[in-house]
Structure formats: C-alpha cells, structure tokens
Amino acid sequence: QVQLVESGGGLVQPGGSLRLSCAASGSIFYSNDMGWYRQTPGKERELVARITRLGITNYADSVKGRFTISKDYAKNTLYLQMNSLKPEDTAVYYCNAHSIRSDYWGRGTQVTVSS
C-alpha cells in the first residue's frame with residue numbers, strides 16, 4: 001500500500017511563493033506517473049501538473065510558467081514549486097500516484113493566497 005503525505009501549504013500573499021512536498025512510502029517513481037491536483041469547494045478536482053515515469057512534464061494552462069513539478073528519487077519525494085501565486089490558486093492541493101493498476105492519493109494540503 002502506497003502512502004502519500006503532502007506538506008508545505010499555508011497562507012501566502014499574492015505574488016509570493018510556496019513549495020509543496022509529497023513524501024511517498026516507497027520507491028514508486030519508477031512505476032508511477034506522479035501529479036499534483038487541486039480542488040476548491042463546489043468544484044471538481046483538477047490537474048495542476050504531472051510528471052511521468054520518464055520525466056515528461058505537463059501543466060495546466062493556468063499555471064504554466066509559474067509552477068514547476070519535480071521529483072527526488074533518493075528522498076522518494078515529489079515537489080511543486082509555486083511562484084507568482086494568485087488568489088485563484090487558493091485550493092487544497094493533492095498528490096497523486098498513478099499506474100495502470102492503481103491510483104493513490106494523499107490527504108491534501110491547503111494553500112491560501114490572500115493579502
């Protein structure tokens with residue numbers, strides 16, 4: 001059973017930065033595509049950024065040029081560097097590990113962008 005634990009959320013002013021981390025319970029990067037999703041009340045969860053097993057990345061149009069997804073194999077940790085944050089980035093951010101056989105989710109971390 002894979003466990004994913006997000007951290008790094010918090011309150012930040014518009015234009016600020018945060019780095020989210022997702023610690024995985026094992027060496028899952030070799031067999032899973034990893035992603036960051038976010039959700040606000042009353043809306044569906046949406047993809048923010050994804051990095052495949054081969055390291056190919058893709059981003060939601062709304063975060064391109066501001067967010068960067070990366071992974072550290074030695075630490076079994078996925079990151080999301082978020083710069084130039086906007087109020088509309090406010091959401092609960094979830095880490096996901098996806099393979100053809102399974103989908104795992106963390107419990108989420110709240111990001112609030114407000115002055």
# chains A, B, ... in the order shown; residues from 1 in each chain; ligands from 1
$ residues_around --residues "Gln1 of chain A" --least-positions-apart "3" --cutoff "10 Å" --atoms "only C-alpha atoms" --output "ChimeraX atom specification"
/A:4,25-26,104
$ residues_around --residues "Val12 of chain A" --least-positions-apart "5" --cutoff "10 Å" --atoms "only C-alpha atoms" --output "ChimeraX atom specification"
/A:17-18,85-87,90,111-115
$ write_last_selection --atoms "all heavy atoms" --output "short mmCIF file (atom, residue, chain, number, x, y, z; two decimals), in the first residue's frame"
data_model
loop_
_atom_site.label_atom_id
_atom_site.label_comp_id
_atom_site.auth_asym_id
_atom_site.auth_seq_id
_atom_site.Cartn_x
_atom_site.Cartn_y
_atom_site.Cartn_z
N SER A 17 5.59 32.88 -3.01
CA SER A 17 5.96 31.53 -3.44
C SER A 17 5.75 30.53 -2.31
O SER A 17 5.83 30.88 -1.13
CB SER A 17 7.44 31.48 -3.86
OG SER A 17 7.69 32.33 -4.96
N LEU A 18 5.50 29.30 -2.71
CA LEU A 18 5.45 28.17 -1.79
C LEU A 18 6.01 26.95 -2.50
O LEU A 18 5.93 26.86 -3.74
CB LEU A 18 4.01 27.85 -1.36
CG LEU A 18 3.33 28.71 -0.30
CD1 LEU A 18 1.88 28.26 -0.15
CD2 LEU A 18 4.06 28.64 1.02
N LEU A 85 2.21 33.50 -7.07
CA LEU A 85 0.90 32.96 -6.69
C LEU A 85 -0.20 34.01 -6.80
O LEU A 85 0.03 35.20 -6.54
CB LEU A 85 0.96 32.37 -5.28
CG LEU A 85 1.62 31.00 -5.22
CD1 LEU A 85 2.08 30.67 -3.80
CD2 LEU A 85 0.67 29.92 -5.73
N LYS A 86 -1.37 33.54 -7.19
CA LYS A 86 -2.54 34.40 -7.36
C LYS A 86 -3.66 33.92 -6.43
O LYS A 86 -3.69 32.74 -6.05
CB LYS A 86 -3.02 34.31 -8.81
CG LYS A 86 -1.97 34.66 -9.85
CD LYS A 86 -2.52 34.44 -11.25
CE LYS A 86 -1.48 34.76 -12.32
NZ LYS A 86 -2.01 34.55 -13.70
N PRO A 87 -4.59 34.79 -6.10
CA PRO A 87 -5.71 34.36 -5.25
C PRO A 87 -6.46 33.16 -5.82
O PRO A 87 -6.94 32.31 -5.06
CB PRO A 87 -6.59 35.61 -5.20
CG PRO A 87 -5.64 36.75 -5.36
CD PRO A 87 -4.61 36.25 -6.32
N THR A 90 -5.75 29.52 -4.74
CA THR A 90 -6.22 29.03 -3.45
C THR A 90 -7.01 27.74 -3.63
O THR A 90 -7.96 27.70 -4.42
CB THR A 90 -7.10 30.09 -2.75
OG1 THR A 90 -6.30 31.23 -2.46
CG2 THR A 90 -7.71 29.54 -1.47
N VAL A 111 -3.62 25.52 0.47
CA VAL A 111 -2.87 26.70 0.03
C VAL A 111 -3.86 27.86 -0.07
O VAL A 111 -4.88 27.75 -0.76
CB VAL A 111 -2.20 26.47 -1.33
CG1 VAL A 111 -1.60 27.78 -1.86
CG2 VAL A 111 -1.12 25.40 -1.21
N THR A 112 -3.56 28.93 0.63
CA THR A 112 -4.41 30.11 0.60
C THR A 112 -3.58 31.31 0.18
O THR A 112 -2.55 31.62 0.81
CB THR A 112 -5.04 30.37 1.98
OG1 THR A 112 -5.79 29.23 2.38
CG2 THR A 112 -5.96 31.60 1.92
N VAL A 113 -4.01 31.96 -0.90
CA VAL A 113 -3.31 33.14 -1.41
C VAL A 113 -4.20 34.35 -1.16
O VAL A 113 -5.25 34.50 -1.78
CB VAL A 113 -2.98 33.00 -2.90
CG1 VAL A 113 -2.15 34.20 -3.36
CG2 VAL A 113 -2.25 31.70 -3.18
N SER A 114 -3.78 35.18 -0.25
CA SER A 114 -4.61 36.32 0.15
C SER A 114 -3.76 37.40 0.79
O SER A 114 -2.75 37.10 1.45
CB SER A 114 -5.68 35.85 1.14
OG SER A 114 -6.43 36.94 1.63
N SER A 115 -4.17 38.64 0.60
CA SER A 115 -3.49 39.75 1.26
C SER A 115 -4.17 40.08 2.58
O SER A 115 -3.72 40.99 3.29
CB SER A 115 -3.47 40.97 0.34
OG SER A 115 -4.78 41.30 -0.06
#
$ atom_distance --atom1 "atom CA of Asp33 of chain A" --atom2 "atom CA of Thr68 of chain A"
15.4 Å
$ atom_distance --atom1 "atom CA of His98 of chain A" --atom2 "atom CA of Glu46 of chain A"
14.8 Å
$ residues_around --residues "Ile28 of chain A" --least-positions-apart "3" --cutoff "12 Å" --atoms "only C-alpha atoms" --output "list in words"
Gln1, Val2, Gln3, Leu4, Cys22, Ala23, Ala24, Ser25, Ser31, Asn32, Asp33, Met34, Thr52, Arg53, Lys71, Asp72, Tyr73, Ala74, Lys75, Asn76, Thr77, Leu78, Asn96, Ala97, His98, Ser99, Ser102, Asp103 and Tyr104 of chain A
$ select_by_dssp --residues "chain A" --states "strand (DSSP E or B)" --output "ChimeraX atom specification"
/A:4-7,10-12,18-24,33-39,46-51,57-59,67-72,77-82,91-98,103-105,109-113
$ closest_residue --among "A:Asn83, A:Ser70, A:Gln110, A:Gln13" --to "Ile51 of chain A" --atoms "only C-alpha atoms"
A:Ser70
$ residues_around --residues "segment 59-61 of chain A" --least-positions-apart "6" --cutoff "7 Å" --atoms "only C-alpha atoms" --output "MDAnalysis selection string"
chainID A and resid 47:50
$ write_last_selection --atoms "C-alpha atoms" --output "PDB file, in the first residue's frame"
ATOM      1  CA  LEU A  47      -4.866  18.566 -12.684  1.00  0.00           C
ATOM      2  CA  VAL A  48      -2.212  21.154 -11.917  1.00  0.00           C
ATOM      3  CA  ALA A  49       0.961  19.394 -13.034  1.00  0.00           C
ATOM      4  CA  ARG A  50       2.115  15.899 -13.937  1.00  0.00           C
TER       5      ARG A  50
END
$ decode --residues "segment 69-85 of chain A" --atoms "C-alpha atoms" --output "PDB file, in the first residue's frame"
ATOM      1  CA  ILE A  69       6.962  19.912 -10.733  1.00  0.00           C
ATOM      2  CA  SER A  70       9.964  17.783  -9.844  1.00  0.00           C
ATOM      3  CA  LYS A  71      10.885  14.589  -8.025  1.00  0.00           C
ATOM      4  CA  ASP A  72      13.766  13.425  -5.884  1.00  0.00           C
ATOM      5  CA  TYR A  73      14.360   9.689  -6.244  1.00  0.00           C
ATOM      6  CA  ALA A  74      16.704   9.495  -3.284  1.00  0.00           C
ATOM      7  CA  LYS A  75      14.140  11.056  -0.953  1.00  0.00           C
ATOM      8  CA  ASN A  76      11.056   9.496  -2.595  1.00  0.00           C
ATOM      9  CA  THR A  77       9.598  12.993  -2.623  1.00  0.00           C
ATOM     10  CA  LEU A  78       7.598  14.891  -5.209  1.00  0.00           C
ATOM     11  CA  TYR A  79       7.681  18.691  -5.237  1.00  0.00           C
ATOM     12  CA  LEU A  80       5.640  21.523  -6.630  1.00  0.00           C
ATOM     13  CA  GLN A  81       7.385  24.886  -6.686  1.00  0.00           C
ATOM     14  CA  MET A  82       4.757  27.602  -6.961  1.00  0.00           C
ATOM     15  CA  ASN A  83       5.808  31.155  -7.821  1.00  0.00           C
ATOM     16  CA  SER A  84       3.873  34.326  -8.573  1.00  0.00           C
ATOM     17  CA  LEU A  85       0.898  32.959  -6.693  1.00  0.00           C
TER      18      LEU A  85
END
